[in-house]
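To keep things clear, I will list the structure first and then write my remarks on it.
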Amino acid sequence: MTRKTSVSVPALLAGTFFVSALSMGGALAKVPDAQVGRLGGDLTPVGAEKAGNGGDIPAWTGGLTGVPDSVKGEYSADKLLPNPFKGDAVKVEISQGNMGQFEGQLTDGYKALLETYPTYKMKVYQTRRSCAYPEFVYEATKRNAQVAELTPGGNGVSEGIMGFPFPIPNNALEVIWNHTLRYRAFKLTREFTAAPVTRSGEYELQTVQDEAILQWSDPSKKRAEELNNISLYYIANTVAPARSAGSVILVHETLNRALEDRKAWQYSPGTRRVRRAPNIAYDNPGTNSDGLSTSDSFDGYNGAPDRYDWTVLGKSAKFVAANAYDASLASYADYLKPLHLNQDHVRYELHRVWSIEANLKGGTRHVYSRRVTHLDEDSWTITGAELYDGRGELWRVQELHGRQDYGEPLCNKGAEIVYDLQAGRYLALAMQNEGQPINYGADELDVNRYTPAAIRQLGVR
């Protein structure tokens, strides 16, 4: 793939992008009315191309906005989502032996996994454009196209609210902000499992109860300026294994990082004290990652984008982990294997993705000198990334398992996988395989809960 050095959008993408030659240093022009009118027309309400590609990618026809008939006899709000496409047959199985036939449709990350591990394979199914959101998200997204702007330097968003801030983006920073602020409900709780897996396949399951108030999605707010510069309140409470239980993290995620950095605290059961935790950011080791990932890699990418120069590489059709319902239903014993997941459970489809590149700025530091990130056009969700070390060598590959949570409806993800190619290990994060589904209706959550004093009360062994 050809690398580009300008932050401007290349002319070849003009059919979807609003082309701008403005630099990132100043305010960006808002999207013209003629472009805004495309949302819900030739573009989906969140800015994807509505039409198919004339081949394997079909047209978007609205997605799954409710429980499909195919699973109504199995679906229950308190159980993990059954696969509505379980009757689909495998179209092709990609392996080390035939990967050359799919050169243009494989990301560099998948090429590396196939080349590194002879047992790695990808089962490809027909493409199902299942992503859908509530109508109020679509309405807010259309308004955002007219009013939302990056703050100077691209480290925040102003005026917009709810949904996607830049459905017709001008540049790569707007693309990454679409991922960061995408709609995932307003208040939610969940319990997830993490597993750092050794080369020989050994692991210890770690259980975390987390919760969030996503202020950007507060239906009572009219613009970003009403959020007191906090886009997200977040708590993560590790409850197992016993030696880690009681460690609690609190985050107040700022919306405009030029005004204020992320605020974070950590309660340690060993000291019984709450301390400020400025290290929960950037390239510091991620919580419960056993050193296999960084803090800013959680959810694909999170936090301030200010240490990198971001560039749009283009949009293309790539294989991604999508509608990966079965991957969430497998037992951990069957799912977590040496070197990589049991690939019989992971579903891949051909989707159009935005690929953006982040190169480390001079004078700044990060363990990743370069990141190439791929976002599914139907949800603006990161579906995978390649992470390069200081020598420019591919070090880690991220894979995020996309799926439509059709009971809501909203497009989200299941597990997050980080493959460390140099260590022969991997981290499986955000798994719910033997647990309960995400609770998207946690109305009891209140911002007054998200204080250092409150997390001390949570941190009890």
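Labeling convention for the structure tokens: chains A, B, ... as they appear, residues from 1 per chain, ligands from 1 in order of appearance.
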DSSP strand (DSSP E or B) residues within region 88-287 of chain A, as a ChimeraX atom specification: /A:92-94,122-124,149-150,157-158,187-197,206-214,230-240,248-254,263-268,273-276,285
Give me, as JSON lines, the closest atom pair and its distance (Å, one decimal) for every residue of region 158-182 of chain A within a cut-off of 12 Å of region 246-268 of chain A, counting only C-alpha atoms, rows sorted by chain and rising number.
```
{"residue": "A:Ser158", "atom": "CA", "partner": "A:Asn256", "partner_atom": "CA", "distance": 8.2}
{"residue": "A:Glu159", "atom": "CA", "partner": "A:Leu255", "partner_atom": "CA", "distance": 11.4}
{"residue": "A:Gly160", "atom": "CA", "partner": "A:Leu255", "partner_atom": "CA", "distance": 11.3}
{"residue": "A:Ile161", "atom": "CA", "partner": "A:Leu255", "partner_atom": "CA", "distance": 11.2}
{"residue": "A:Trp177", "atom": "CA", "partner": "A:Leu255", "partner_atom": "CA", "distance": 10.2}
{"residue": "A:Thr180", "atom": "CA", "partner": "A:Leu255", "partner_atom": "CA", "distance": 10.0}
{"residue": "A:Leu181", "atom": "CA", "partner": "A:Leu255", "partner_atom": "CA", "distance": 9.4}
```
Determine, counting only C-alpha atoms, which protein, DNA and RNA residues have an atom within 9 Å of an atom of Tyr308 (chain A); residues of the same chain fewer than 2 positions away are not included. Present the result as a PyMOL selection string. chain A and resi 305-306+310+358-362+364+369-370
Let me see the file: selected residues, C-alpha atoms, as a short mmCIF file (atom, residue, chain, number, x, y, z; two decimals), in the first residue's frame.
```cif
data_model
loop_
_atom_site.label_atom_id
_atom_site.label_comp_id
_atom_site.auth_asym_id
_atom_site.auth_seq_id
_atom_site.Cartn_x
_atom_site.Cartn_y
_atom_site.Cartn_z
CA PRO A 305 -3.80 11.58 19.47
CA ASP A 306 -1.16 14.28 19.97
CA TRP A 310 -2.06 11.06 11.25
CA ALA A 358 0.05 7.37 12.63
CA ASN A 359 3.76 8.25 12.64
CA LEU A 360 5.47 9.29 15.84
CA LYS A 361 6.22 13.01 15.97
CA GLY A 362 9.77 14.19 16.42
CA THR A 364 7.93 12.69 21.44
CA SER A 369 6.92 4.38 16.09
CA ARG A 370 4.15 3.75 13.59
#
```
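Nearest to Trp60 (chain A) of all the residues A:Lys315, A:His351, A:Lys142, A:Arg276 is A:His351, based on only C-alpha atoms.
Counting only C-alpha atoms and comparing A:Asn284, A:Ser130, A:Thr61, A:Thr451, the residue that lies closest to Phe298 (chain A) is A:Asn284.
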Trp395 (chain A) surroundings by only C-alpha atoms, 8 Å radius, close-in-sequence under 5 positions cut, as an MDAnalysis selection string: chainID A and resid 386:389 420:422
Same residues, C-alpha atoms, output as a compact mmCIF listing (two decimals), in the first residue's frame:
```txt
# COMPACT_ATOMS: atom_id res chain seq x y z
CA GLU A 386 -0.43 -3.08 12.80
CA LEU A 387 1.94 -1.72 15.46
CA TYR A 388 5.63 -1.11 14.63
CA ASP A 389 8.59 -0.87 16.99
CA ASP A 420 2.96 -10.14 19.83
CA LEU A 421 4.82 -11.57 16.86
CA GLN A 422 8.24 -11.11 18.44
```
Shortest contact to Arg184 (chain A), candidates A:His340, A:Arg275, A:Lys221, A:Lys413, atoms counted only C-alpha atoms, goes to A:Lys413
If I take CA of Gly153 (chain A) and CA of Thr311 (chain A), how far is one from the other in Å, to one decimal? 14.2 Å
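These are the residues of region 35-147 of chain A assigned alpha helix (DSSP H) by DSSP from backbone coordinates: Gln35, Val36, Asp108, Gly109, Tyr110, Lys111, Ala112, Leu113, Leu114, Glu115, Thr116, Glu135, Phe136, Val137, Tyr138, Glu139, Ala140, Thr141, Lys142, Arg143, Asn144, Ala145, Gln146 and Val147 of chain A.
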